[in-house]
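The structure under discussion appears below in the form of structure tokens.
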Amino acid sequence: MTDTRGSQSPVLQPRVVIATVLVIAALGLSVVVVQGLQDNLVYYLTPSELLDKGEEGVGASVRLGGMVQAGSVDWQPDDNLLRFVMFDKDGTMAVESRAVPPQMFREGIGVVVEGRLQEDGTFSSNRLMVKHGNEYTAPTDGEHPDLNELAKSLQEGES
Amino acid sequence: MNSILGQGLILIALATAASGTVVGYVSGRSNSEVGLRWTKRLTLIFCACLAAANVVMEKALLEHDFTVKYVDQVGSTSTPLHITIVSLWSALEGSILFWGLVLAIFAAAFVWTTGRRHPDMVPYTLATILAVGTFFCFLIAGPADPFTAVTPRPDSLHTGPNPLLQNHLLMIIHPPMLYLGYVGMTIPFAMGIASLLKGRLGASWTRPMRRWMLLPFGFLTVGIVLGGWWAYEVLGWGGYWAWDPVENASFLPWLTAAAFLHAAMLRERRGLLAGWTIVLLLTTFALTILGTFMTRSGVFNSVHSFTQSSIGPTFLVFLGIILVISVILVALRAHLLDREGELKSPLSRDAAFILNNLLFAAFTFTVLVGTVFPLLAEAVRDVKLSVGGPFFNQLTVPIGVAIVFLMGVGPALPWGRVTGDEAIRVLKMPVISGLVVLAAAVALGIRQFWPAATFFVSGFAAAVSVRDMLSPALARMRARSLPFPIALRESFVRGRRRFAGHIVHLGVALMAVSIAVSSSYQQVAEGTISTGESLTLGPYELRFDESRNFSESHRDVAEASFTVLLNGKDLGSLQPRLNRYRGEMTPIGTPAVLTTARQDIYLSLMNIEAGGKRVGLRAFINPLVVWIWVASGMMALGVFVALWPERSGRKEDEADPAQEEQREVAA
């Protein structure tokens, strides 16, 4: 077998050609994959972390996690519009959601909304998820969300 | 009592697995016949102990023996009997014990079906299986011991398994199918390791290797689709696939296994790609372990992953060991796997298979990067992020379409080489068929590029399969003037493996089309409506009629009733629910689906206001979804047909491929 390969014309060298094509294909794929990743990353942030980003935070697709402030909920079922204020230990943000809230949604509960920060400073979302808990514990006054835990409990691709 | 018995059995299994590993490797090196016999005996003892340990756990669950830790954790006297039985695999420790049972079944089946054949390869294979068994027994005996004796918790805490899992019957079959797929891939992996250790990979070893991969591949296919079906029927977000890390974890080994099944054919028929074939086996197994790590360590939270546990790092270490051993073995031994053939022409079935493998590799790489990236980002940069579904769709759809296209090209072209004229001759009819399908799709309103492309390639590939299944029968019918059914039956018996492959391919083509349409043409509506009011969904009106509450032994149910109307005509009623399980605060929805061949009307109840007069509803039109389940059934059927034992005395893995090919040509 080695003999036949030796006698082949140097132009073909199939192994070299194939290896070159493969390397180019692999590089091409890597570039496309990295590019695709950069365009599609969704960060988990708290209101204060998003506010810290300033102008940069406007318009990017974000999953925002925090607690629903007591007394802030304004639900207009006929327009399917939900407004509330989300807070974490250092900041608050007004949220407008176009999703029908799930049964568990209430004041003082941890939620994650997916959407974008608008120019006017409100966060506009069409997807709202409530923290799943196996056991219900009433939120204590001034409780702060553990974003890590919140994000984790919501990571599963739920609605 | 159950505790001690279970722990004892696991310790014996651990001891036999560990000693069997050593005996197996030693007798593999020395080709000792006594050693081989002992390796087989130890394997069977290992299998018996694991099976018995599972029986003990099942007994403890049925007896509600809350002194056993796992029963204390998932048991409940109020859950129905079938839920109690399947509790075995509803939480971390039990699922690993069950994993052991599946490994035992596969290992015993391998010993029995192999019989006296391949005495050179079997010791190394069994040793490798037992090495994996040792790891799992170690987990069951130590970090994930389900049998530990405990003081029972108060009975009010015995609420049964995760309510999401109790919520649907598919939960009973989806996990075992996945385990059968995942664990079953240990066998071909072990055969691949044996092949590297011996430095030999002949056609006679490739054939059984491929069959042992085909079996778990079939289970994994069914398991993945059942998982999607379950998500669709239970989770209520209107879809069946979300590129969730855990879904991806099950899909990754499926991709490499599919690549392997084709590479192994190329190896068997043409003597090509021996090293690559083995690399695919090793990768597949490593991906099953990676998948287990991701679902069982709590790094991702989802319905699939159980509580955060200490066994995560153990899996990571195991994965590391597998990777290191695999890389070393491949580096040292892969060149010994003799290269018998050569790629003669870029225009041939051989080349199509190679390209198919490259595309599968690219697909795997893309999904792997998207799945693992969030983990790496968190570990390295300490940021929480997720990779959006569009990433996967943008990149994998074109690759998938290309794979379906090659699914037609490969079988249409002959092995070896072909002239351009011949290629045009064999591809003309399928291309025209693809164009006809495309035209029909466009006429029915398909306008987006990728769905349209999917229709073309699926029509093309399906035409190749149908022709390949019918033309030998037609030739036989003409040559010997037989009636068509008899000719078809004869050609089926002669070329069953080919037939089986085409059944799978037809399933893939159907599935590609169904996925393309259902994911691109979904319609959604959501809103809050009061009794008597309707929500408009496409051409339909969904009228909220009434709601009611009732209790079952393990849950409280709130149910809303809707009537589906089309131009005032009553198409039937749907009752989506919210179930609240004992001891849980979060209610779990059960969507209601009106399925027709054309589309599903899918209602998911978001909330019911106090008094039950007003509900929040999300509704979807999901076209062609039912065909996804049908297609997966076809794929499973194809695998089943391929695996059905040969009727004649001739054992398939000893047949001479060249002879078979001649027969095919003659037919």
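Residue names in the structure tokens use chain letters A, B, ... in the order shown, residue numbers from 1 in each chain, and ligand numbers from 1 in the order shown.
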
- Task: Using only C-alpha atoms, find the residues of chain B whose closest atom to chain A is at most 8 Å away, then write them as number ranges by chain.
- Result: B: 235-238, 242-245, 300-303, 362, 366, 369-370, 383-391, 394-395, 526-529, 583-587, 606-608, 616-618

- Item | Backbone DSSP call of strand (DSSP E) for range 439-630 of chain B, listed as number ranges by chain | B: 523-530, 534-537, 540-552, 555-566, 569-574, 577-581, 588-590, 592-595, 599-608, 614-623

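We find CA of Leu201 in chain B and CA of Ala104 in chain B to be spaced 25.7 Å apart.
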
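Among the candidate residues B:Phe189, B:Trp627, B:Phe405, B:Phe66, the one lying nearest to Phe460 in chain B is B:Phe405, with distances computed using only C-alpha atoms.
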
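Excluding Leu170 in chain B and any residue on its chain fewer than 3 positions from it, the residues at most 6 Å away by only C-alpha atoms are B:Ile173, B:His174, B:Trp230.
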
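Around Asp120 in chain B, within 10 Å and counting only C-alpha atoms, the residues found are Ser27, Gly28, Arg29, Ser30, Asn31, Ser32, Glu33, Leu36, Thr125, Ala194, Ser195 and Lys198 of chain B, once anything fewer than 5 positions away on its own chain is removed.
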